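Colleague: Provided below: work-v4.pdb, containing PDB, N, CA and C atoms.
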ATOM      1  N   MET A   1       6.206 -26.863  17.446
ATOM      2  CA  MET A   1       4.990 -27.024  18.183
ATOM      3  C   MET A   1       3.837 -26.291  17.488
ATOM      4  N   ALA A   2       4.113 -25.105  16.935
ATOM      5  CA  ALA A   2       3.068 -24.355  16.253
ATOM      6  C   ALA A   2       2.552 -25.102  15.030
ATOM      7  N   LEU A   3       3.452 -25.762  14.307
ATOM      8  CA  LEU A   3       3.029 -26.536  13.147
ATOM      9  C   LEU A   3       2.190 -27.741  13.550
ATOM     10  N   ASP A   4       2.597 -28.407  14.624
ATOM     11  CA  ASP A   4       1.862 -29.584  15.079
ATOM     12  C   ASP A   4       0.441 -29.252  15.505
ATOM     13  N   ARG A   5       0.255 -28.109  16.090
ATOM     14  CA  ARG A   5      -1.066 -27.738  16.598
ATOM     15  C   ARG A   5      -1.878 -26.912  15.606
ATOM     16  N   GLY A   6      -1.320 -26.596  14.456
ATOM     17  CA  GLY A   6      -2.044 -25.842  13.443
ATOM     18  C   GLY A   6      -2.121 -24.351  13.722
ATOM     19  N   TRP A   7      -1.154 -23.823  14.445
ATOM     20  CA  TRP A   7      -1.169 -22.407  14.791
ATOM     21  C   TRP A   7      -0.442 -21.533  13.789
ATOM     22  N   SER A   8       0.177 -22.088  12.794
ATOM     23  CA  SER A   8       0.986 -21.301  11.863
ATOM     24  C   SER A   8       0.228 -20.163  11.195
ATOM     25  N   PRO A   9      -0.984 -20.396  10.680
ATOM     26  CA  PRO A   9      -1.695 -19.268  10.060
ATOM     27  C   PRO A   9      -1.962 -18.132  11.037
ATOM     28  N   ARG A  10      -2.312 -18.456  12.263
ATOM     29  CA  ARG A  10      -2.583 -17.409  13.247
ATOM     30  C   ARG A  10      -1.313 -16.664  13.636
ATOM     31  N   LEU A  11      -0.208 -17.366  13.714
ATOM     32  CA  LEU A  11       1.051 -16.711  14.031
ATOM     33  C   LEU A  11       1.481 -15.773  12.916
ATOM     34  N   THR A  12       1.252 -16.196  11.679
ATOM     35  CA  THR A  12       1.588 -15.342  10.543
ATOM     36  C   THR A  12       0.707 -14.107  10.531
ATOM     37  N   ASP A  13      -0.584 -14.273  10.817
ATOM     38  CA  ASP A  13      -1.491 -13.125  10.896
ATOM     39  C   ASP A  13      -1.047 -12.165  11.988
ATOM     40  N   ALA A  14      -0.660 -12.699  13.135
ATOM     41  CA  ALA A  14      -0.201 -11.866  14.238
ATOM     42  C   ALA A  14       1.104 -11.154  13.879
ATOM     43  N   THR A  15       1.927 -11.784  13.059
ATOM     44  CA  THR A  15       3.172 -11.145  12.615
ATOM     45  C   THR A  15       2.866  -9.911  11.789
ATOM     46  N   VAL A  16       1.887 -10.010  10.899
ATOM     47  CA  VAL A  16       1.527  -8.860  10.064
ATOM     48  C   VAL A  16       1.017  -7.720  10.935
ATOM     49  N   LEU A  17       0.135  -8.026  11.875
ATOM     50  CA  LEU A  17      -0.441  -6.979  12.715
ATOM     51  C   LEU A  17       0.575  -6.416  13.704
ATOM     52  N   GLY A  18       1.418  -7.269  14.270
ATOM     53  CA  GLY A  18       2.373  -6.832  15.261
ATOM     54  C   GLY A  18       3.570  -6.090  14.700
ATOM     55  N   ARG A  19       3.997  -6.453  13.502
ATOM     56  CA  ARG A  19       5.174  -5.829  12.895
ATOM     57  C   ARG A  19       4.792  -4.846  11.795
ATOM     58  N   TRP A  20       3.595  -4.296  11.857
ATOM     59  CA  TRP A  20       3.075  -3.433  10.805
ATOM     60  C   TRP A  20       4.016  -2.277  10.449
ATOM     61  N   PRO A  21       4.525  -1.501  11.404
ATOM     62  CA  PRO A  21       5.430  -0.396  11.021
ATOM     63  C   PRO A  21       6.702  -0.876  10.315
ATOM     64  N   HIS A  22       7.214  -2.026  10.728
ATOM     65  CA  HIS A  22       8.421  -2.559  10.094
ATOM     66  C   HIS A  22       8.132  -3.057   8.678
ATOM     67  N   LEU A  23       6.946  -3.615   8.458
ATOM     68  CA  LEU A  23       6.616  -4.191   7.153
ATOM     69  C   LEU A  23       6.320  -3.132   6.093
ATOM     70  N   VAL A  24       5.627  -2.064   6.471
ATOM     71  CA  VAL A  24       5.217  -1.080   5.465
ATOM     72  C   VAL A  24       5.987   0.230   5.537
ATOM     73  N   GLY A  25       6.747   0.427   6.586
ATOM     74  CA  GLY A  25       7.505   1.659   6.738
ATOM     75  C   GLY A  25       6.791   2.631   7.668
ATOM     76  N   PRO A  26       7.569   3.518   8.283
ATOM     77  CA  PRO A  26       6.982   4.415   9.283
ATOM     78  C   PRO A  26       6.016   5.449   8.717
ATOM     79  N   GLU A  27       6.245   5.904   7.481
ATOM     80  CA  GLU A  27       5.367   6.929   6.919
ATOM     81  C   GLU A  27       3.942   6.401   6.736
ATOM     82  N   ILE A  28       3.816   5.208   6.195
ATOM     83  CA  ILE A  28       2.492   4.621   6.003
ATOM     84  C   ILE A  28       1.896   4.202   7.338
ATOM     85  N   ALA A  29       2.698   3.626   8.201
ATOM     86  CA  ALA A  29       2.202   3.147   9.498
ATOM     87  C   ALA A  29       1.714   4.283  10.382
ATOM     88  N   ASP A  30       2.249   5.482  10.206
ATOM     89  CA  ASP A  30       1.802   6.622  11.003
ATOM     90  C   ASP A  30       0.400   7.080  10.628
ATOM     91  N   HIS A  31      -0.067   6.716   9.439
ATOM     92  CA  HIS A  31      -1.344   7.226   8.947
ATOM     93  C   HIS A  31      -2.432   6.168   8.826
ATOM     94  N   CYS A  32      -2.132   4.929   9.179
ATOM     95  CA  CYS A  32      -3.161   3.887   9.129
ATOM     96  C   CYS A  32      -2.869   2.824  10.177
ATOM     97  N   THR A  33      -3.917   2.130  10.566
ATOM     98  CA  THR A  33      -3.820   1.093  11.587
ATOM     99  C   THR A  33      -4.442  -0.186  11.051
ATOM    100  N   PRO A  34      -3.749  -1.313  11.148
ATOM    101  CA  PRO A  34      -4.382  -2.573  10.743
ATOM    102  C   PRO A  34      -5.388  -2.997  11.814
ATOM    103  N   LEU A  35      -6.615  -3.274  11.384
ATOM    104  CA  LEU A  35      -7.664  -3.671  12.313
ATOM    105  C   LEU A  35      -7.763  -5.180  12.447
ATOM    106  N   SER A  36      -7.746  -5.887  11.315
ATOM    107  CA  SER A  36      -7.875  -7.345  11.362
ATOM    108  C   SER A  36      -7.297  -7.965  10.102
ATOM    109  N   LEU A  37      -7.002  -9.241  10.220
ATOM    110  CA  LEU A  37      -6.551 -10.042   9.080
ATOM    111  C   LEU A  37      -7.229 -11.392   9.192
ATOM    112  N   ARG A  38      -8.238 -11.605   8.348
ATOM    113  CA  ARG A  38      -8.986 -12.863   8.370
ATOM    114  C   ARG A  38      -9.178 -13.361   6.951
ATOM    115  N   ASP A  39      -8.914 -14.620   6.753
ATOM    116  CA  ASP A  39      -9.092 -15.275   5.453
ATOM    117  C   ASP A  39      -8.395 -14.524   4.328
ATOM    118  N   GLY A  40      -7.225 -13.976   4.609
ATOM    119  CA  GLY A  40      -6.439 -13.293   3.590
ATOM    120  C   GLY A  40      -6.845 -11.861   3.333
ATOM    121  N   GLU A  41      -7.833 -11.343   4.053
ATOM    122  CA  GLU A  41      -8.264  -9.957   3.863
ATOM    123  C   GLU A  41      -7.779  -9.107   5.030
ATOM    124  N   LEU A  42      -6.944  -8.135   4.713
ATOM    125  CA  LEU A  42      -6.410  -7.203   5.703
ATOM    126  C   LEU A  42      -7.269  -5.951   5.692
ATOM    127  N   VAL A  43      -7.790  -5.575   6.854
ATOM    128  CA  VAL A  43      -8.618  -4.368   6.979
ATOM    129  C   VAL A  43      -7.771  -3.289   7.627
ATOM    130  N   LEU A  44      -7.650  -2.154   6.929
ATOM    131  CA  LEU A  44      -6.883  -1.014   7.420
ATOM    132  C   LEU A  44      -7.811   0.155   7.683
ATOM    133  N   GLN A  45      -7.566   0.876   8.773
ATOM    134  CA  GLN A  45      -8.311   2.102   9.041
ATOM    135  C   GLN A  45      -7.370   3.272   8.872
ATOM    136  N   ALA A  46      -7.721   4.148   7.930
ATOM    137  CA  ALA A  46      -6.902   5.323   7.645
ATOM    138  C   ALA A  46      -7.281   6.461   8.586
ATOM    139  N   GLU A  47      -6.335   7.367   8.828
ATOM    140  CA  GLU A  47      -6.608   8.470   9.742
ATOM    141  C   GLU A  47      -7.431   9.578   9.101
ATOM    142  N   SER A  48      -7.493   9.620   7.776
ATOM    143  CA  SER A  48      -8.281  10.635   7.079
ATOM    144  C   SER A  48      -8.788  10.041   5.765
ATOM    145  N   THR A  49      -9.743  10.722   5.161
ATOM    146  CA  THR A  49     -10.252  10.239   3.878
ATOM    147  C   THR A  49      -9.197  10.364   2.789
ATOM    148  N   ALA A  50      -8.329  11.365   2.902
ATOM    149  CA  ALA A  50      -7.254  11.515   1.919
ATOM    150  C   ALA A  50      -6.299  10.325   1.991
ATOM    151  N   TRP A  51      -5.957   9.900   3.204
ATOM    152  CA  TRP A  51      -5.075   8.740   3.341
ATOM    153  C   TRP A  51      -5.787   7.459   2.935
ATOM    154  N   ALA A  52      -7.083   7.378   3.129
ATOM    155  CA  ALA A  52      -7.820   6.199   2.680
ATOM    156  C   ALA A  52      -7.736   6.081   1.161
ATOM    157  N   THR A  53      -7.885   7.197   0.477
ATOM    158  CA  THR A  53      -7.766   7.198  -0.985
ATOM    159  C   THR A  53      -6.356   6.831  -1.416
ATOM    160  N   GLN A  54      -5.367   7.378  -0.726
ATOM    161  CA  GLN A  54      -3.973   7.079  -1.048
ATOM    162  C   GLN A  54      -3.663   5.597  -0.844
ATOM    163  N   LEU A  55      -4.151   5.018   0.242
ATOM    164  CA  LEU A  55      -3.895   3.600   0.514
ATOM    165  C   LEU A  55      -4.579   2.704  -0.509
ATOM    166  N   ARG A  56      -5.768   3.094  -0.946
ATOM    167  CA  ARG A  56      -6.449   2.308  -1.991
ATOM    168  C   ARG A  56      -5.642   2.325  -3.291
ATOM    169  N   ALA A  57      -5.018   3.464  -3.589
ATOM    170  CA  ALA A  57      -4.196   3.565  -4.799
ATOM    171  C   ALA A  57      -2.903   2.757  -4.665
ATOM    172  N   MET A  58      -2.425   2.570  -3.434
ATOM    173  CA  MET A  58      -1.164   1.864  -3.194
ATOM    174  C   MET A  58      -1.356   0.372  -2.900
ATOM    175  N   GLN A  59      -2.532  -0.160  -3.101
ATOM    176  CA  GLN A  59      -2.805  -1.543  -2.717
ATOM    177  C   GLN A  59      -1.832  -2.540  -3.330
ATOM    178  N   ARG A  60      -1.553  -2.398  -4.607
ATOM    179  CA  ARG A  60      -0.634  -3.349  -5.262
ATOM    180  C   ARG A  60       0.757  -3.313  -4.629
ATOM    181  N   GLN A  61       1.245  -2.123  -4.346
ATOM    182  CA  GLN A  61       2.561  -1.997  -3.732
ATOM    183  C   GLN A  61       2.576  -2.597  -2.331
ATOM    184  N   LEU A  62       1.517  -2.335  -1.565
ATOM    185  CA  LEU A  62       1.444  -2.893  -0.214
ATOM    186  C   LEU A  62       1.361  -4.411  -0.246
ATOM    187  N   LEU A  63       0.558  -4.948  -1.168
ATOM    188  CA  LEU A  63       0.462  -6.409  -1.292
ATOM    189  C   LEU A  63       1.804  -7.013  -1.665
ATOM    190  N   GLY A  64       2.560  -6.340  -2.537
ATOM    191  CA  GLY A  64       3.888  -6.822  -2.911
ATOM    192  C   GLY A  64       4.853  -6.820  -1.738
ATOM    193  N   ARG A  65       4.840  -5.751  -0.953
ATOM    194  CA  ARG A  65       5.711  -5.681   0.230
ATOM    195  C   ARG A  65       5.365  -6.777   1.230
ATOM    196  N   LEU A  66       4.080  -6.935   1.490
ATOM    197  CA  LEU A  66       3.656  -7.933   2.470
ATOM    198  C   LEU A  66       3.951  -9.347   1.988
ATOM    199  N   ALA A  67       3.769  -9.600   0.694
ATOM    200  CA  ALA A  67       4.061 -10.927   0.142
ATOM    201  C   ALA A  67       5.547 -11.241   0.275
ATOM    202  N   GLY A  68       6.386 -10.256   0.047
ATOM    203  CA  GLY A  68       7.822 -10.474   0.178
ATOM    204  C   GLY A  68       8.263 -10.689   1.616
ATOM    205  N   ALA A  69       7.546 -10.106   2.560
ATOM    206  CA  ALA A  69       7.952 -10.186   3.959
ATOM    207  C   ALA A  69       7.388 -11.396   4.691
ATOM    208  N   VAL A  70       6.106 -11.721   4.453
ATOM    209  CA  VAL A  70       5.479 -12.790   5.246
ATOM    210  C   VAL A  70       4.979 -13.966   4.418
ATOM    211  N   GLY A  71       4.991 -13.857   3.117
ATOM    212  CA  GLY A  71       4.530 -14.959   2.277
ATOM    213  C   GLY A  71       3.460 -14.506   1.308
ATOM    214  N   LYS A  72       3.361 -15.227   0.214
ATOM    215  CA  LYS A  72       2.498 -14.806  -0.888
ATOM    216  C   LYS A  72       1.007 -14.881  -0.559
ATOM    217  N   ASP A  73       0.566 -15.929   0.110
ATOM    218  CA  ASP A  73      -0.864 -16.132   0.316
ATOM    219  C   ASP A  73      -1.375 -15.674   1.677
ATOM    220  N   VAL A  74      -0.580 -14.974   2.438
ATOM    221  CA  VAL A  74      -1.028 -14.521   3.760
ATOM    222  C   VAL A  74      -2.023 -13.376   3.606
ATOM    223  N   VAL A  75      -1.660 -12.341   2.850
ATOM    224  CA  VAL A  75      -2.559 -11.213   2.583
ATOM    225  C   VAL A  75      -2.871 -11.225   1.096
ATOM    226  N   ARG A  76      -4.130 -11.491   0.762
ATOM    227  CA  ARG A  76      -4.541 -11.538  -0.644
ATOM    228  C   ARG A  76      -5.345 -10.314  -1.058
ATOM    229  N   ARG A  77      -6.014  -9.669  -0.101
ATOM    230  CA  ARG A  77      -6.822  -8.482  -0.374
ATOM    231  C   ARG A  77      -6.605  -7.467   0.746
ATOM    232  N   ILE A  78      -6.764  -6.200   0.383
ATOM    233  CA  ILE A  78      -6.704  -5.132   1.379
ATOM    234  C   ILE A  78      -7.994  -4.325   1.249
ATOM    235  N   ARG A  79      -8.654  -4.144   2.383
ATOM    236  CA  ARG A  79      -9.851  -3.294   2.421
ATOM    237  C   ARG A  79      -9.523  -2.109   3.314
ATOM    238  N   VAL A  80      -9.701  -0.914   2.772
ATOM    239  CA  VAL A  80      -9.372   0.305   3.492
ATOM    240  C   VAL A  80     -10.667   0.984   3.914
ATOM    241  N   VAL A  81     -10.768   1.292   5.191
ATOM    242  CA  VAL A  81     -11.913   2.047   5.700
ATOM    243  C   VAL A  81     -11.407   3.397   6.165
ATOM    244  N   GLY A  82     -12.258   4.391   6.028
ATOM    245  CA  GLY A  82     -11.893   5.732   6.445
ATOM    246  C   GLY A  82     -12.074   5.905   7.939
ATOM    247  N   PRO A  83     -11.814   7.095   8.408
ATOM    248  CA  PRO A  83     -11.984   7.353   9.836
ATOM    249  C   PRO A  83     -13.454   7.293  10.212
ATOM    250  N   SER A  84     -13.717   6.886  11.415
ATOM    251  CA  SER A  84     -15.107   6.819  11.859
ATOM    252  C   SER A  84     -15.529   8.179  12.398
ATOM    253  N   GLY A  85     -16.761   8.536  12.115
ATOM    254  CA  GLY A  85     -17.287   9.809  12.580
ATOM    255  C   GLY A  85     -17.735   9.732  14.027
ATOM    256  N   PRO A  86     -18.030  10.861  14.608
ATOM    257  CA  PRO A  86     -18.470  10.856  16.004
ATOM    258  C   PRO A  86     -19.853  10.240  16.128
ATOM    259  N   SER A  87     -20.097   9.614  17.221
ATOM    260  CA  SER A  87     -21.403   9.022  17.487
ATOM    261  C   SER A  87     -22.264  10.040  18.215
ATOM    262  N   TRP A  88     -23.464  10.240  17.703
ATOM    263  CA  TRP A  88     -24.383  11.168  18.348
ATOM    264  C   TRP A  88     -25.313  10.438  19.298
ATOM    265  N   ARG A  89     -25.114   9.174  19.459
ATOM    266  CA  ARG A  89     -25.957   8.375  20.319
ATOM    267  C   ARG A  89     -25.366   8.377  21.727
ATOM    268  N   HIS A  90     -26.068   8.998  22.637
ATOM    269  CA  HIS A  90     -25.616   9.081  24.019
ATOM    270  C   HIS A  90     -26.718   8.547  24.925
ATOM    271  N   GLY A  91     -26.352   7.893  25.957
ATOM    272  CA  GLY A  91     -27.325   7.407  26.925
ATOM    273  C   GLY A  91     -27.878   6.043  26.571
ATOM    274  N   PRO A  92     -28.656   5.465  27.462
ATOM    275  CA  PRO A  92     -29.138   4.096  27.270
ATOM    276  C   PRO A  92     -30.328   3.978  26.323
ATOM    277  N   ARG A  93     -31.055   5.089  26.074
ATOM    278  CA  ARG A  93     -32.256   5.010  25.235
ATOM    279  C   ARG A  93     -31.979   5.619  23.870
ATOM    280  N   HIS A  94     -32.646   5.074  22.871
ATOM    281  CA  HIS A  94     -32.445   5.539  21.500
ATOM    282  C   HIS A  94     -33.757   5.424  20.737
ATOM    283  N   VAL A  95     -34.100   6.435  19.971
ATOM    284  CA  VAL A  95     -35.310   6.440  19.155
ATOM    285  C   VAL A  95     -34.909   6.125  17.725
ATOM    286  N   ARG A  96     -35.591   5.160  17.116
ATOM    287  CA  ARG A  96     -35.283   4.819  15.712
ATOM    288  C   ARG A  96     -35.742   5.914  14.779
ATOM    289  N   GLY A  97     -35.103   5.973  13.631
ATOM    290  CA  GLY A  97     -35.474   6.952  12.625
ATOM    291  C   GLY A  97     -34.616   8.195  12.722
ATOM    292  N   ARG A  98     -34.989   9.187  11.939
ATOM    293  CA  ARG A  98     -34.202  10.409  11.864
ATOM    294  C   ARG A  98     -34.306  11.250  13.122
ATOM    295  N   GLY A  99     -35.442  11.244  13.769
ATOM    296  CA  GLY A  99     -35.606  12.054  14.964
ATOM    297  C   GLY A  99     -35.848  13.508  14.608
ATOM    298  N   PRO A 100     -35.948  14.365  15.610
ATOM    299  CA  PRO A 100     -36.220  15.777  15.333
ATOM    300  C   PRO A 100     -35.012  16.436  14.674
ATOM    301  N   ARG A 101     -35.272  17.283  13.721
ATOM    302  CA  ARG A 101     -34.186  17.972  13.023
ATOM    303  C   ARG A 101     -34.249  19.479  13.296
ATOM    304  N   ASP A 102     -35.184  20.155  12.673
ATOM    305  CA  ASP A 102     -35.255  21.606  12.796
ATOM    306  C   ASP A 102     -36.325  21.964  13.821
ATOM    307  N   THR A 103     -35.901  22.389  14.980
ATOM    308  CA  THR A 103     -36.864  22.726  16.024
ATOM    309  C   THR A 103     -36.937  24.230  16.254
ATOM    310  N   TYR A 104     -36.292  25.000  15.380
ATOM    311  CA  TYR A 104     -36.268  26.453  15.575
ATOM    312  C   TYR A 104     -37.251  27.189  14.686
ATOM    313  N   GLY A 105     -38.026  26.494  13.850
ATOM    314  CA  GLY A 105     -38.845  27.175  12.862
ATOM    315  C   GLY A 105     -40.236  27.205  13.199
TER
END
Here is the file; what I need is its structure written in the form of C-alpha cells.

Modeller:
Amino acid sequence: MALDRGWSPRLTDATVLGRWPHLVGPEIADHCTPLSLRDGELVLQAESTAWATQLRAMQRQLLGRLAGAVGKDVVRRIRVVGPSGPSWRHGPRHVRGRGPRDTYG
C-alpha cells in the first residue's frame, strides 16, 4: 500500500529519525538529535560545540552506516548544527537593533 500511494520515501525518512539510536549506536545518539531529513539532507543538532565538531569529522562514517542500514540514496548529506543559545527576547514587544548595552557609565 505504501508503494502504491508513494509513501516509501517518507517511511524511509521516518525510519532514520525513529531508529536513530539503533542506526548510529548509543554513544553518538546520546550526544546528538536528528532534527529533519528532507531531500537527502539530514540535519543533526549536537549537544555541544565539541560534539558538533566531532560529528562533522565523522560524516563519512555516519553516511556509510546509514547507507548500509536504510539505503544508499536516502541520506546524501549531513548538516550539523551546534546547540542553540538562550534567547534574550522576552515578552510581546521587541526593539530592533542592538539596544542599550552599557548603562552603568

Colleague: Can you turn the PyMOL selection byres ((chain A and resi 61-76) around 6.5) into a concrete residue list for this file, as a list in words?

Modeller: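 When the PyMOL selection byres ((chain A and resi 61-76) around 6.5) is applied to the shown file, the picked residues are Leu23, Asp39, Gly40, Glu41, Leu42, Ala57, Met58, Gln59, Arg60, Arg77 and Ile78 of chain A.
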
Colleague: What does the distance from atom CA of A:Leu35 to atom CA of A:Pro83 come to in Å, to one decimal?

Modeller: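 Value for the atom CA of A:Leu35-atom CA of A:Pro83 distance: 12.1 Å.
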
Colleague: For a quick check of understanding, using only N, CA and C atoms, which of A:Pro34, A:Leu17, A:Leu44, A:Val24 has the smallest distance to A:Val80?

Modeller: A:Leu44

Colleague: From the DSSP assignment of the backbone, select every residue of stretch 19-90 of chain A that is alpha helix (DSSP H), and format the answer as number ranges by chain.

Modeller: A: 20-24, 26-29, 49-57, 59-70

Colleague: Since we have the selection now, will you write its residues out, keeping N, CA and C atoms, as a PDB file, in the frame of the given file?

Modeller:
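So the final result, stored in part.pdb, reads:
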ATOM      1  N   TRP A  20       3.595  -4.296  11.857  1.00  0.00           N
ATOM      2  CA  TRP A  20       3.075  -3.433  10.805  1.00  0.00           C
ATOM      3  C   TRP A  20       4.016  -2.277  10.449  1.00  0.00           C
ATOM      4  N   PRO A  21       4.525  -1.501  11.404  1.00  0.00           N
ATOM      5  CA  PRO A  21       5.430  -0.396  11.021  1.00  0.00           C
ATOM      6  C   PRO A  21       6.702  -0.876  10.315  1.00  0.00           C
ATOM      7  N   HIS A  22       7.214  -2.026  10.728  1.00  0.00           N
ATOM      8  CA  HIS A  22       8.421  -2.559  10.094  1.00  0.00           C
ATOM      9  C   HIS A  22       8.132  -3.057   8.678  1.00  0.00           C
ATOM     10  N   LEU A  23       6.946  -3.615   8.458  1.00  0.00           N
ATOM     11  CA  LEU A  23       6.616  -4.191   7.153  1.00  0.00           C
ATOM     12  C   LEU A  23       6.320  -3.132   6.093  1.00  0.00           C
ATOM     13  N   VAL A  24       5.627  -2.064   6.471  1.00  0.00           N
ATOM     14  CA  VAL A  24       5.217  -1.080   5.465  1.00  0.00           C
ATOM     15  C   VAL A  24       5.987   0.230   5.537  1.00  0.00           C
ATOM     16  N   PRO A  26       7.569   3.518   8.283  1.00  0.00           N
ATOM     17  CA  PRO A  26       6.982   4.415   9.283  1.00  0.00           C
ATOM     18  C   PRO A  26       6.016   5.449   8.717  1.00  0.00           C
ATOM     19  N   GLU A  27       6.245   5.904   7.481  1.00  0.00           N
ATOM     20  CA  GLU A  27       5.367   6.929   6.919  1.00  0.00           C
ATOM     21  C   GLU A  27       3.942   6.401   6.736  1.00  0.00           C
ATOM     22  N   ILE A  28       3.816   5.208   6.195  1.00  0.00           N
ATOM     23  CA  ILE A  28       2.492   4.621   6.003  1.00  0.00           C
ATOM     24  C   ILE A  28       1.896   4.202   7.338  1.00  0.00           C
ATOM     25  N   ALA A  29       2.698   3.626   8.201  1.00  0.00           N
ATOM     26  CA  ALA A  29       2.202   3.147   9.498  1.00  0.00           C
ATOM     27  C   ALA A  29       1.714   4.283  10.382  1.00  0.00           C
ATOM     28  N   THR A  49      -9.743  10.722   5.161  1.00  0.00           N
ATOM     29  CA  THR A  49     -10.252  10.239   3.878  1.00  0.00           C
ATOM     30  C   THR A  49      -9.197  10.364   2.789  1.00  0.00           C
ATOM     31  N   ALA A  50      -8.329  11.365   2.902  1.00  0.00           N
ATOM     32  CA  ALA A  50      -7.254  11.515   1.919  1.00  0.00           C
ATOM     33  C   ALA A  50      -6.299  10.325   1.991  1.00  0.00           C
ATOM     34  N   TRP A  51      -5.957   9.900   3.204  1.00  0.00           N
ATOM     35  CA  TRP A  51      -5.075   8.740   3.341  1.00  0.00           C
ATOM     36  C   TRP A  51      -5.787   7.459   2.935  1.00  0.00           C
ATOM     37  N   ALA A  52      -7.083   7.378   3.129  1.00  0.00           N
ATOM     38  CA  ALA A  52      -7.820   6.199   2.680  1.00  0.00           C
ATOM     39  C   ALA A  52      -7.736   6.081   1.161  1.00  0.00           C
ATOM     40  N   THR A  53      -7.885   7.197   0.477  1.00  0.00           N
ATOM     41  CA  THR A  53      -7.766   7.198  -0.985  1.00  0.00           C
ATOM     42  C   THR A  53      -6.356   6.831  -1.416  1.00  0.00           C
ATOM     43  N   GLN A  54      -5.367   7.378  -0.726  1.00  0.00           N
ATOM     44  CA  GLN A  54      -3.973   7.079  -1.048  1.00  0.00           C
ATOM     45  C   GLN A  54      -3.663   5.597  -0.844  1.00  0.00           C
ATOM     46  N   LEU A  55      -4.151   5.018   0.242  1.00  0.00           N
ATOM     47  CA  LEU A  55      -3.895   3.600   0.514  1.00  0.00           C
ATOM     48  C   LEU A  55      -4.579   2.704  -0.509  1.00  0.00           C
ATOM     49  N   ARG A  56      -5.768   3.094  -0.946  1.00  0.00           N
ATOM     50  CA  ARG A  56      -6.449   2.308  -1.991  1.00  0.00           C
ATOM     51  C   ARG A  56      -5.642   2.325  -3.291  1.00  0.00           C
ATOM     52  N   ALA A  57      -5.018   3.464  -3.589  1.00  0.00           N
ATOM     53  CA  ALA A  57      -4.196   3.565  -4.799  1.00  0.00           C
ATOM     54  C   ALA A  57      -2.903   2.757  -4.665  1.00  0.00           C
ATOM     55  N   GLN A  59      -2.532  -0.160  -3.101  1.00  0.00           N
ATOM     56  CA  GLN A  59      -2.805  -1.543  -2.717  1.00  0.00           C
ATOM     57  C   GLN A  59      -1.832  -2.540  -3.330  1.00  0.00           C
ATOM     58  N   ARG A  60      -1.553  -2.398  -4.607  1.00  0.00           N
ATOM     59  CA  ARG A  60      -0.634  -3.349  -5.262  1.00  0.00           C
ATOM     60  C   ARG A  60       0.757  -3.313  -4.629  1.00  0.00           C
ATOM     61  N   GLN A  61       1.245  -2.123  -4.346  1.00  0.00           N
ATOM     62  CA  GLN A  61       2.561  -1.997  -3.732  1.00  0.00           C
ATOM     63  C   GLN A  61       2.576  -2.597  -2.331  1.00  0.00           C
ATOM     64  N   LEU A  62       1.517  -2.335  -1.565  1.00  0.00           N
ATOM     65  CA  LEU A  62       1.444  -2.893  -0.214  1.00  0.00           C
ATOM     66  C   LEU A  62       1.361  -4.411  -0.246  1.00  0.00           C
ATOM     67  N   LEU A  63       0.558  -4.948  -1.168  1.00  0.00           N
ATOM     68  CA  LEU A  63       0.462  -6.409  -1.292  1.00  0.00           C
ATOM     69  C   LEU A  63       1.804  -7.013  -1.665  1.00  0.00           C
ATOM     70  N   GLY A  64       2.560  -6.340  -2.537  1.00  0.00           N
ATOM     71  CA  GLY A  64       3.888  -6.822  -2.911  1.00  0.00           C
ATOM     72  C   GLY A  64       4.853  -6.820  -1.738  1.00  0.00           C
ATOM     73  N   ARG A  65       4.840  -5.751  -0.953  1.00  0.00           N
ATOM     74  CA  ARG A  65       5.711  -5.681   0.230  1.00  0.00           C
ATOM     75  C   ARG A  65       5.365  -6.777   1.230  1.00  0.00           C
ATOM     76  N   LEU A  66       4.080  -6.935   1.490  1.00  0.00           N
ATOM     77  CA  LEU A  66       3.656  -7.933   2.470  1.00  0.00           C
ATOM     78  C   LEU A  66       3.951  -9.347   1.988  1.00  0.00           C
ATOM     79  N   ALA A  67       3.769  -9.600   0.694  1.00  0.00           N
ATOM     80  CA  ALA A  67       4.061 -10.927   0.142  1.00  0.00           C
ATOM     81  C   ALA A  67       5.547 -11.241   0.275  1.00  0.00           C
ATOM     82  N   GLY A  68       6.386 -10.256   0.047  1.00  0.00           N
ATOM     83  CA  GLY A  68       7.822 -10.474   0.178  1.00  0.00           C
ATOM     84  C   GLY A  68       8.263 -10.689   1.616  1.00  0.00           C
ATOM     85  N   ALA A  69       7.546 -10.106   2.560  1.00  0.00           N
ATOM     86  CA  ALA A  69       7.952 -10.186   3.959  1.00  0.00           C
ATOM     87  C   ALA A  69       7.388 -11.396   4.691  1.00  0.00           C
ATOM     88  N   VAL A  70       6.106 -11.721   4.453  1.00  0.00           N
ATOM     89  CA  VAL A  70       5.479 -12.790   5.246  1.00  0.00           C
ATOM     90  C   VAL A  70       4.979 -13.966   4.418  1.00  0.00           C
TER      91      VAL A  70
END

Colleague: Work out how far atom CA of A:His22 is from atom CA of A:Gln45, in Å to one decimal.

Modeller: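 Separation of atom CA of A:Gln45 and atom CA of A:His22: 17.4 Å.
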
Colleague: One decimal, Å: what's the distance from atom CA of A:Gly25 over to atom CA of A:Leu55, could you say?

Modeller: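 Going from atom CA of A:Gly25 over to atom CA of A:Leu55 covers 13.1 Å.
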
Colleague: To box stretch 28-41 of chain A, take all atoms listed in the file, fit an axis-aligned box, add 8 Å on each side, and give centre and edge lengths in Å to one decimal, as lines of an AutoDock Vina configuration file.

Modeller:
center_x = -2.7
center_y = -4.0
center_z = 7.9
size_x = 29.0
size_y = 38.5
size_z = 25.1

Colleague: Using only C-alpha atoms, which of the listed residues (A:Leu37, A:His90, A:Arg56, A:Ala46) sits closest to A:Thr15?

Modeller: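 Of A:Leu37, A:His90, A:Arg56, A:Ala46, the one nearest A:Thr15 is A:Leu37, counting only C-alpha atoms.
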
Colleague: List every residue of stretch 18-105 of chain A that DSSP, applied to the backbone, labels as strand (DSSP E or B), and write the result as a list of chain:residue names.

Modeller: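 Of stretch 18-105 of chain A, the ones in strand (DSSP E or B) are A:Cys32, A:Thr33, A:Pro34, A:Leu35, A:Ser36, A:Leu37, A:Arg38, A:Glu41, A:Leu42, A:Val43, A:Leu44, A:Gln45, A:Ala46, A:Arg77, A:Ile78, A:Arg79, A:Val80, A:Val81.
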